[in-house]
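Data block for my_file.cif (mmCIF, C-alpha atoms and all ligand atoms):
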data_input
loop_
_atom_site.label_atom_id
_atom_site.label_comp_id
_atom_site.auth_asym_id
_atom_site.auth_seq_id
_atom_site.Cartn_x
_atom_site.Cartn_y
_atom_site.Cartn_z
CA MET Y 1 12.63 9.11 0.53
CA VAL Y 2 9.90 10.34 -1.81
CA GLN Y 3 6.94 11.91 -0.05
CA PHE Y 4 3.43 10.46 -0.41
CA SER Y 5 1.13 13.39 -1.05
CA LYS Y 6 -2.29 12.09 -2.12
CA LEU Y 7 -4.23 8.87 -2.24
CA ARG Y 8 -7.25 8.74 -4.56
CA LEU Y 9 -9.75 5.92 -4.56
CA SER Y 10 -12.77 5.04 -6.62
CA GLY Y 11 -14.78 1.82 -6.42
CA PHE Y 12 -12.18 0.36 -4.04
CA LYS Y 13 -13.81 -1.68 -1.23
CA SER Y 14 -16.13 0.64 0.76
CA PHE Y 15 -14.84 3.75 -1.10
CA VAL Y 16 -17.34 3.53 -3.94
CA ASP Y 17 -17.42 7.28 -4.68
CA PRO Y 18 -14.24 9.10 -5.73
CA THR Y 19 -12.34 9.99 -2.55
CA GLU Y 20 -9.10 11.88 -2.09
CA MET Y 21 -6.93 11.71 1.02
CA VAL Y 22 -4.15 14.27 1.45
CA ILE Y 23 -1.05 12.83 3.11
CA HIS Y 24 1.11 15.38 4.94
CA PRO Y 25 4.81 14.90 5.74
CA GLY Y 26 5.56 12.99 8.96
CA MET Y 27 3.56 10.26 10.60
CA THR Y 28 -0.07 9.80 9.57
CA GLY Y 29 -2.66 8.14 11.78
CA ILE Y 30 -6.15 7.23 10.61
CA VAL Y 31 -8.92 7.43 13.21
CA GLY Y 32 -12.66 6.83 12.96
CA PRO Y 33 -15.49 4.57 14.15
CA ASN Y 34 -15.44 0.81 13.60
CA GLY Y 35 -16.14 -0.15 10.02
CA CYS Y 36 -15.63 3.33 8.54
CA GLY Y 37 -12.84 2.14 6.23
CA LYS Y 38 -9.54 2.85 8.04
CA SER Y 39 -8.02 -0.52 7.23
CA ASN Y 40 -9.40 -0.28 3.67
CA LEU Y 41 -7.35 2.92 3.19
CA LEU Y 42 -4.14 1.20 4.27
CA GLU Y 43 -4.98 -1.71 2.00
CA ALA Y 44 -5.54 0.71 -0.91
CA LEU Y 45 -2.04 2.06 -0.30
CA ARG Y 46 -0.57 -1.45 -0.31
CA TRP Y 47 -2.59 -2.43 -3.36
CA VAL Y 48 -1.48 0.52 -5.50
CA MET Y 49 2.14 -0.20 -4.57
CA GLY Y 50 1.71 -3.64 -6.09
CA GLU Y 51 0.53 -6.03 -3.39
CA THR Y 52 -0.22 -9.29 -5.17
CA SER Y 53 -1.57 -11.34 -2.28
CA ALA Y 54 -5.37 -11.13 -1.99
CA LYS Y 55 -5.11 -12.54 1.53
CA LEU Y 56 -2.97 -9.63 2.72
CA ILE Y 57 -5.70 -7.23 1.69
CA ARG Y 58 -8.39 -9.35 3.31
CA GLY Y 59 -9.86 -10.95 0.20
CA SER Y 60 -10.01 -14.45 -1.20
CA GLU Y 61 -9.43 -13.23 -4.74
CA MET Y 62 -8.17 -10.02 -6.26
CA ASP Y 63 -11.63 -8.94 -7.52
CA ASP Y 64 -12.71 -8.68 -3.88
CA VAL Y 65 -11.18 -5.18 -3.73
CA ILE Y 66 -13.96 -3.94 -6.06
CA PHE Y 67 -17.01 -2.38 -4.36
CA ALA Y 68 -19.34 -5.32 -3.81
CA GLY Y 69 -22.56 -3.32 -3.39
CA THR Y 70 -24.82 -2.68 -0.41
CA SER Y 71 -28.57 -2.92 0.14
CA THR Y 72 -28.94 0.53 -1.41
CA ARG Y 73 -26.17 0.64 -4.04
CA PRO Y 74 -25.30 -1.75 -6.86
CA SER Y 75 -21.85 -3.31 -7.09
CA ARG Y 76 -19.15 -1.94 -9.40
CA ASN Y 77 -17.07 -3.65 -12.05
CA LEU Y 78 -14.06 -1.41 -11.69
CA ALA Y 79 -11.80 -0.12 -8.93
CA GLU Y 80 -9.01 2.38 -9.24
CA VAL Y 81 -6.47 3.71 -6.74
CA SER Y 82 -3.87 6.40 -7.46
CA LEU Y 83 -1.00 7.45 -5.28
CA VAL Y 84 0.63 10.82 -5.89
CA LEU Y 85 4.26 11.22 -4.83
CA ASP Y 86 5.97 14.55 -4.36
CA ASN Y 87 9.29 14.14 -6.13
CA SER Y 88 10.33 17.81 -6.02
CA GLN Y 89 13.53 16.78 -4.25
CA ARG Y 90 14.24 14.36 -7.11
CA LEU Y 91 14.73 11.35 -4.86
CA ALA Y 92 12.91 8.85 -7.08
CA PRO Y 93 14.90 6.28 -9.09
CA VAL Y 94 16.63 7.68 -12.17
CA ALA Y 95 14.09 6.27 -14.64
CA PHE Y 96 11.33 8.43 -13.14
CA ASN Y 97 13.32 11.38 -11.95
CA ASP Y 98 12.44 13.96 -14.58
CA HIS Y 99 9.01 14.47 -12.96
CA ALA Y 100 8.40 16.66 -9.90
CA GLU Y 101 5.24 14.69 -9.25
CA LEU Y 102 4.66 10.98 -9.86
CA GLU Y 103 1.23 9.46 -10.04
CA ILE Y 104 1.07 5.69 -9.77
CA SER Y 105 -2.29 4.17 -10.51
CA ARG Y 106 -3.68 0.66 -10.51
CA ARG Y 107 -7.01 -0.26 -12.00
CA ILE Y 108 -8.84 -3.56 -11.83
CA GLU Y 109 -11.80 -4.77 -13.82
CA ARG Y 110 -13.86 -7.76 -12.78
CA GLU Y 111 -12.46 -10.96 -14.30
CA ALA Y 112 -9.95 -8.96 -16.35
CA GLY Y 113 -7.12 -8.42 -13.86
CA SER Y 114 -5.34 -5.18 -13.09
CA ALA Y 115 -3.08 -2.74 -14.90
CA TYR Y 116 -0.64 -0.11 -13.67
CA ARG Y 117 0.25 3.34 -14.94
CA ILE Y 118 2.93 5.81 -13.92
CA ASN Y 119 2.06 9.37 -14.98
CA GLY Y 120 -0.47 8.00 -17.44
CA LYS Y 121 1.92 5.60 -19.16
CA GLU Y 122 1.15 1.90 -18.90
CA VAL Y 123 3.89 0.02 -17.00
CA ARG Y 124 4.50 -3.49 -15.71
CA ALA Y 125 3.83 -4.50 -12.09
CA ARG Y 126 7.58 -4.99 -11.83
CA ASP Y 127 8.23 -1.31 -12.66
CA VAL Y 128 5.99 -0.29 -9.78
CA HIS Y 129 7.71 -2.75 -7.42
CA LEU Y 130 11.11 -1.40 -8.44
CA LEU Y 131 10.04 2.21 -8.02
CA PHE Y 132 9.06 1.56 -4.42
CA ALA Y 133 11.89 -0.86 -3.63
CA ASP Y 134 14.41 1.83 -4.54
CA ALA Y 135 12.46 4.42 -2.56
CA SER Y 136 12.71 2.12 0.53
CA VAL Y 137 8.96 1.88 0.94
CA GLY Y 138 6.57 -0.63 -0.62
CA ALA Y 139 3.51 -2.73 -0.06
CA ARG Y 140 5.10 -4.78 2.75
CA SER Y 141 7.25 -2.04 4.22
CA PRO Y 142 7.36 -1.62 8.02
CA ALA Y 143 6.50 2.04 7.32
CA LEU Y 144 2.86 0.91 7.01
CA VAL Y 145 1.60 -0.06 10.45
CA GLY Y 146 -1.55 -2.15 10.15
CA GLN Y 147 -4.20 -2.97 12.71
CA GLY Y 148 -2.93 -5.11 15.60
CA ARG Y 149 0.68 -4.62 14.54
CA ILE Y 150 1.70 -2.47 17.53
CA GLY Y 151 0.27 -5.03 19.95
CA ALA Y 152 2.00 -7.83 18.05
CA ILE Y 153 5.35 -6.02 18.31
CA ILE Y 154 4.91 -5.28 22.03
CA ASN Y 155 3.95 -8.87 22.77
CA SER Y 156 6.59 -10.50 20.60
CA LYS Y 157 9.70 -12.22 21.94
CA ALA Y 158 12.83 -10.04 22.20
CA ARG Y 159 14.51 -11.87 19.32
CA ASP Y 160 11.52 -11.37 16.97
CA ARG Y 161 11.21 -7.74 17.99
CA ARG Y 162 14.88 -7.19 17.19
CA ALA Y 163 14.33 -8.65 13.71
CA ILE Y 164 11.50 -6.16 13.12
CA LEU Y 165 13.66 -3.24 14.27
CA GLU Y 166 16.57 -4.39 12.13
CA GLU Y 167 14.33 -4.61 9.12
CA ALA Y 168 13.00 -1.10 9.80
CA ALA Y 169 16.55 0.23 10.20
CA GLY Y 170 17.54 -1.39 6.90
CA ILE Y 171 20.31 -3.52 8.44
CA ALA Y 172 18.68 -6.93 8.03
CA GLY Y 173 20.70 -7.46 4.84
CA LEU Y 174 23.98 -6.65 6.61
CA HIS Y 175 23.19 -9.20 9.29
CA SER Y 176 22.70 -12.03 6.82
CA ARG Y 177 25.91 -11.07 5.01
CA ARG Y 178 27.83 -11.18 8.33
CA HIS Y 179 26.41 -14.63 9.04
CA GLU Y 180 27.58 -15.74 5.60
CA ALA Y 181 31.09 -14.33 6.25
CA GLU Y 182 31.35 -16.15 9.60
CA LEU Y 183 30.54 -19.46 7.93
CA ARG Y 184 33.45 -19.11 5.54
P1 LIG W 1 -12.25 -1.26 12.58
O1 LIG W 1 -12.17 -0.05 13.45
O2 LIG W 1 -13.27 -2.24 13.07
O3 LIG W 1 -10.91 -1.89 12.32
P2 LIG W 1 -12.14 -0.07 9.94
O4 LIG W 1 -12.35 1.40 9.98
O5 LIG W 1 -10.73 -0.56 9.79
O6 LIG W 1 -12.85 -0.78 11.17
P3 LIG W 1 -12.57 -1.41 7.46
O7 LIG W 1 -12.25 -2.82 7.84
O8 LIG W 1 -11.56 -0.65 6.70
O9 LIG W 1 -13.03 -0.62 8.74
O10 LIG W 1 -13.90 -1.36 6.61
C1 LIG W 1 -14.87 -2.33 6.78
C2 LIG W 1 -16.05 -2.01 5.87
O11 LIG W 1 -15.65 -2.09 4.51
C3 LIG W 1 -17.13 -3.03 6.11
O12 LIG W 1 -18.36 -2.32 6.26
C4 LIG W 1 -17.13 -3.84 4.84
O13 LIG W 1 -18.41 -4.29 4.50
C5 LIG W 1 -16.64 -2.83 3.84
N1 LIG W 1 -16.07 -3.48 2.66
C6 LIG W 1 -14.95 -4.24 2.59
N2 LIG W 1 -14.77 -4.72 1.34
C7 LIG W 1 -15.79 -4.21 0.60
C8 LIG W 1 -16.18 -4.35 -0.76
N3 LIG W 1 -15.47 -5.06 -1.63
N4 LIG W 1 -17.30 -3.71 -1.15
C9 LIG W 1 -18.03 -2.99 -0.28
N5 LIG W 1 -17.74 -2.83 1.01
C10 LIG W 1 -16.63 -3.43 1.45
MG MG W 2 -9.54 -1.80 10.84
#

Write out the structure in this file as structure tokens.
Amino acid sequence: MVQFSKLRLSGFKSFVDPTEMVIHPGMTGIVGPNGCGKSNLLEALRWVMGETSAKLIRGSEMDDVIFAGTSTRPSRNLAEVSLVLDNSQRLAPVAFNDHAELEISRRIEREAGSAYRINGKEVRARDVHLLFADASVGARSPALVGQGRIGAIINSKARDRRAILEEAAGIAGLHSRRHEAELR
């Protein structure tokens, strides 16, 4: 799998000023006081990987990811998030594999929608989806553990928990194919 190495945000939700988060190999946990922006960081990661549902990033419309202003700072009209991937092991899909580093960025302007770039070149949302689908991560991947998710897994019924584990292990597809074979 490609390695996430940096997440850069500007004007995204509470991260109005340019912010860079370094992501080291292995598991990453985000800690901090209530309201400091932990969930916003995870949502930035999902958003740059192409999440298209405003609801899943706690908004009613896509423009809600743009800094809305506070009592002391005016709102912004633009938000941008970039995700840098370390591809030195050349594990990215063939179309992107001549770069040791890949930078995926998504930018949104109020009432004008969003646009994606990979290493500075404008691409379609679909290209970004495909890049992450082939890298077995993505906006809805079980690799991103959101708030309340651990509790939900612990409290779920055995059958539902197994489905989550199968999805994480990448065997959910095999299961449905077996079911299909048994019906024949
Ligand atoms: P908790 O520990 O309670 O889960 P958290 O660290 O996950 O908190 P977040 O939910 O990421 O915190 O951040 C909440 C803050 O982000 C709130 O103060 C909220 O006002 C702010 N926020 C969210 N969207 C925007 C926006 N579009 N513009 C400005 N601020 C925003
Ligand atoms: Mg939170």

Review point. How many Å lie between atom CA of Y:Ala163 and atom CA of Y:Glu180, rounded to one decimal?
Key: 17.1 Å

Check your understanding: Counting only C-alpha atoms, what is within 10 Å of stretch 95-105 of chain Y, bar same-chain residues fewer than 6 positions away, as a VMD selection string?
Key -> chain Y and resid 2 to 9 47 to 50 80 to 89 115 to 123 127 to 128 131

Emit the selected residues as a compact mmCIF listing (two decimals), in the frame of the given file, including C-alpha atoms.
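In the end it all went to part12.txt:
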# COMPACT_ATOMS: atom_id res chain seq x y z
CA VAL Y 2 9.90 10.34 -1.81
CA GLN Y 3 6.94 11.91 -0.05
CA PHE Y 4 3.43 10.46 -0.41
CA SER Y 5 1.13 13.39 -1.05
CA LYS Y 6 -2.29 12.09 -2.12
CA LEU Y 7 -4.23 8.87 -2.24
CA ARG Y 8 -7.25 8.74 -4.56
CA LEU Y 9 -9.75 5.92 -4.56
CA TRP Y 47 -2.59 -2.43 -3.36
CA VAL Y 48 -1.48 0.52 -5.50
CA MET Y 49 2.14 -0.20 -4.57
CA GLY Y 50 1.71 -3.64 -6.09
CA GLU Y 80 -9.01 2.38 -9.24
CA VAL Y 81 -6.47 3.71 -6.74
CA SER Y 82 -3.87 6.40 -7.46
CA LEU Y 83 -1.00 7.45 -5.28
CA VAL Y 84 0.63 10.82 -5.89
CA LEU Y 85 4.26 11.22 -4.83
CA ASP Y 86 5.97 14.55 -4.36
CA ASN Y 87 9.29 14.14 -6.13
CA SER Y 88 10.33 17.81 -6.02
CA GLN Y 89 13.53 16.78 -4.25
CA ALA Y 115 -3.08 -2.74 -14.90
CA TYR Y 116 -0.64 -0.11 -13.67
CA ARG Y 117 0.25 3.34 -14.94
CA ILE Y 118 2.93 5.81 -13.92
CA ASN Y 119 2.06 9.37 -14.98
CA GLY Y 120 -0.47 8.00 -17.44
CA LYS Y 121 1.92 5.60 -19.16
CA GLU Y 122 1.15 1.90 -18.90
CA VAL Y 123 3.89 0.02 -17.00
CA ASP Y 127 8.23 -1.31 -12.66
CA VAL Y 128 5.99 -0.29 -9.78
CA LEU Y 131 10.04 2.21 -8.02

Review point. Taking only C-alpha atoms and all ligand atoms into account, which residues are within 12 Å of ligand MG 2 (chain W), as a list in words?
Key: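 Those within range of ligand MG 2 (chain W) are Ile30, Val31, Gly32, Pro33, Asn34, Gly35, Cys36, Gly37, Lys38, Ser39, Asn40, Leu41, Leu42, Glu43, Ile57, Arg58, Val145, Gly146, Gln147, Gly148 and Arg149 of chain Y.
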
**Study point:** Counting only C-alpha atoms and all ligand atoms, the option among Y:Arg124, Y:His24, Y:Arg73, Y:Arg184 closest to ligand LIG 1 (chain W)
**Key:**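 Among the listed residues, the smallest separation from ligand LIG 1 (chain W) belongs to Y:Arg73.
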
Check your understanding: If we count all atoms listed in the file, what is near Y:Asp17 at a cut-off of 12 Å, once residues fewer than 2 positions away on the same chain are taken out, given as a list of chain:residue names?
Key ->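 Contacts, with the query itself left out: Y:Arg8, Y:Leu9, Y:Ser10, Y:Gly11, Y:Phe12, Y:Lys13, Y:Ser14, Y:Phe15, Y:Thr19, Y:Glu20, Y:Ile66, Y:Phe67, Y:Gly69, Y:Arg73, Y:Ser75, Y:Arg76, Y:Leu78, Y:Ala79, Y:Glu80, Y:Val81.
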
Review point. From the list Y:Ser60, Y:Thr28, Y:Ser53, Y:Thr70, which residue is nearest ligand LIG 1 (chain W) when using all atoms listed in the file?
Key: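 Among the listed residues, the smallest separation from ligand LIG 1 (chain W) belongs to Y:Thr70.
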
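Between ligand LIG 1 (chain W) and the candidates Y:Ala68, Y:Leu183, Y:Ile23, Y:Leu165, the tightest atom-to-atom separation, counting all atoms listed in the file, involves Y:Ala68.
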
Point to revise | Contacts of Y:Ala143 within 10 Å, all atoms listed in the file, excl. fewer than 4 positions in-chain, as a VMD selection string | key: chain Y and resid 27 136 to 139 168

Write out, as a compact mmCIF listing (two decimals), in the coordinates of the input, the residues just selected, with C-alpha atoms.
# COMPACT_ATOMS: atom_id res chain seq x y z
CA MET Y 27 3.56 10.26 10.60
CA SER Y 136 12.71 2.12 0.53
CA VAL Y 137 8.96 1.88 0.94
CA GLY Y 138 6.57 -0.63 -0.62
CA ALA Y 139 3.51 -2.73 -0.06
CA ALA Y 168 13.00 -1.10 9.80

Point to revise | Selected residue of minimal separation from ligand LIG 1 (chain W) among Y:Ala92, Y:Ile164, Y:Val65, Y:Ala125, counting all atoms listed in the file | key: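 For ligand LIG 1 (chain W), the nearest of the candidates is Y:Val65.
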
Practice item. Please indicate the distance in Å from atom CA of Y:Leu91 to atom CA of Y:Glu167, rounded to one decimal place. Key: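 These two atoms are separated by 21.2 Å.
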
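The coordinates place atom O1 of ligand LIG 1 (chain W) at 17.3 Å from atom CA of Y:Gly59.
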
Return stretch 22-37 of chain Y, completed with N, CA and C atoms, as a PDB file, in the coordinates of the input.
ATOM      1  N   VAL Y  22      -5.423  13.548   1.525  1.00  0.00           N
ATOM      2  CA  VAL Y  22      -4.150  14.270   1.450  1.00  0.00           C
ATOM      3  C   VAL Y  22      -3.235  13.705   2.527  1.00  0.00           C
ATOM      4  N   ILE Y  23      -2.004  13.404   2.158  1.00  0.00           N
ATOM      5  CA  ILE Y  23      -1.050  12.830   3.110  1.00  0.00           C
ATOM      6  C   ILE Y  23       0.038  13.874   3.367  1.00  0.00           C
ATOM      7  N   HIS Y  24       0.126  14.349   4.601  1.00  0.00           N
ATOM      8  CA  HIS Y  24       1.110  15.380   4.940  1.00  0.00           C
ATOM      9  C   HIS Y  24       2.431  14.722   5.351  1.00  0.00           C
ATOM     10  N   PRO Y  25       3.532  15.472   5.310  1.00  0.00           N
ATOM     11  CA  PRO Y  25       4.810  14.900   5.740  1.00  0.00           C
ATOM     12  C   PRO Y  25       4.733  14.452   7.209  1.00  0.00           C
ATOM     13  N   GLY Y  26       5.550  13.481   7.575  1.00  0.00           N
ATOM     14  CA  GLY Y  26       5.560  12.990   8.960  1.00  0.00           C
ATOM     15  C   GLY Y  26       4.666  11.779   9.096  1.00  0.00           C
ATOM     16  N   MET Y  27       4.354  11.449  10.350  1.00  0.00           N
ATOM     17  CA  MET Y  27       3.560  10.260  10.600  1.00  0.00           C
ATOM     18  C   MET Y  27       2.073  10.561  10.392  1.00  0.00           C
ATOM     19  N   THR Y  28       1.370   9.627   9.784  1.00  0.00           N
ATOM     20  CA  THR Y  28      -0.070   9.800   9.570  1.00  0.00           C
ATOM     21  C   THR Y  28      -0.810   8.713  10.323  1.00  0.00           C
ATOM     22  N   GLY Y  29      -1.804   9.110  11.111  1.00  0.00           N
ATOM     23  CA  GLY Y  29      -2.660   8.140  11.780  1.00  0.00           C
ATOM     24  C   GLY Y  29      -4.055   8.268  11.209  1.00  0.00           C
ATOM     25  N   ILE Y  30      -4.780   7.176  11.129  1.00  0.00           N
ATOM     26  CA  ILE Y  30      -6.150   7.230  10.610  1.00  0.00           C
ATOM     27  C   ILE Y  30      -7.090   6.830  11.740  1.00  0.00           C
ATOM     28  N   VAL Y  31      -7.997   7.721  12.110  1.00  0.00           N
ATOM     29  CA  VAL Y  31      -8.920   7.430  13.210  1.00  0.00           C
ATOM     30  C   VAL Y  31     -10.368   7.498  12.700  1.00  0.00           C
ATOM     31  N   GLY Y  32     -11.259   6.799  13.357  1.00  0.00           N
ATOM     32  CA  GLY Y  32     -12.660   6.830  12.960  1.00  0.00           C
ATOM     33  C   GLY Y  32     -13.378   5.643  13.571  1.00  0.00           C
ATOM     34  N   PRO Y  33     -14.714   5.653  13.532  1.00  0.00           N
ATOM     35  CA  PRO Y  33     -15.490   4.570  14.150  1.00  0.00           C
ATOM     36  C   PRO Y  33     -15.251   3.224  13.464  1.00  0.00           C
ATOM     37  N   ASN Y  34     -15.597   2.155  14.149  1.00  0.00           N
ATOM     38  CA  ASN Y  34     -15.440   0.810  13.600  1.00  0.00           C
ATOM     39  C   ASN Y  34     -16.175   0.697  12.263  1.00  0.00           C
ATOM     40  N   GLY Y  35     -15.503   0.118  11.315  1.00  0.00           N
ATOM     41  CA  GLY Y  35     -16.140  -0.150  10.020  1.00  0.00           C
ATOM     42  C   GLY Y  35     -16.167   1.024   9.064  1.00  0.00           C
ATOM     43  N   CYS Y  36     -15.527   2.154   9.423  1.00  0.00           N
ATOM     44  CA  CYS Y  36     -15.630   3.330   8.540  1.00  0.00           C
ATOM     45  C   CYS Y  36     -14.661   3.258   7.367  1.00  0.00           C
ATOM     46  N   GLY Y  37     -13.722   2.305   7.396  1.00  0.00           N
ATOM     47  CA  GLY Y  37     -12.840   2.140   6.230  1.00  0.00           C
ATOM     48  C   GLY Y  37     -11.374   2.456   6.480  1.00  0.00           C
TER      49      GLY Y  37
END
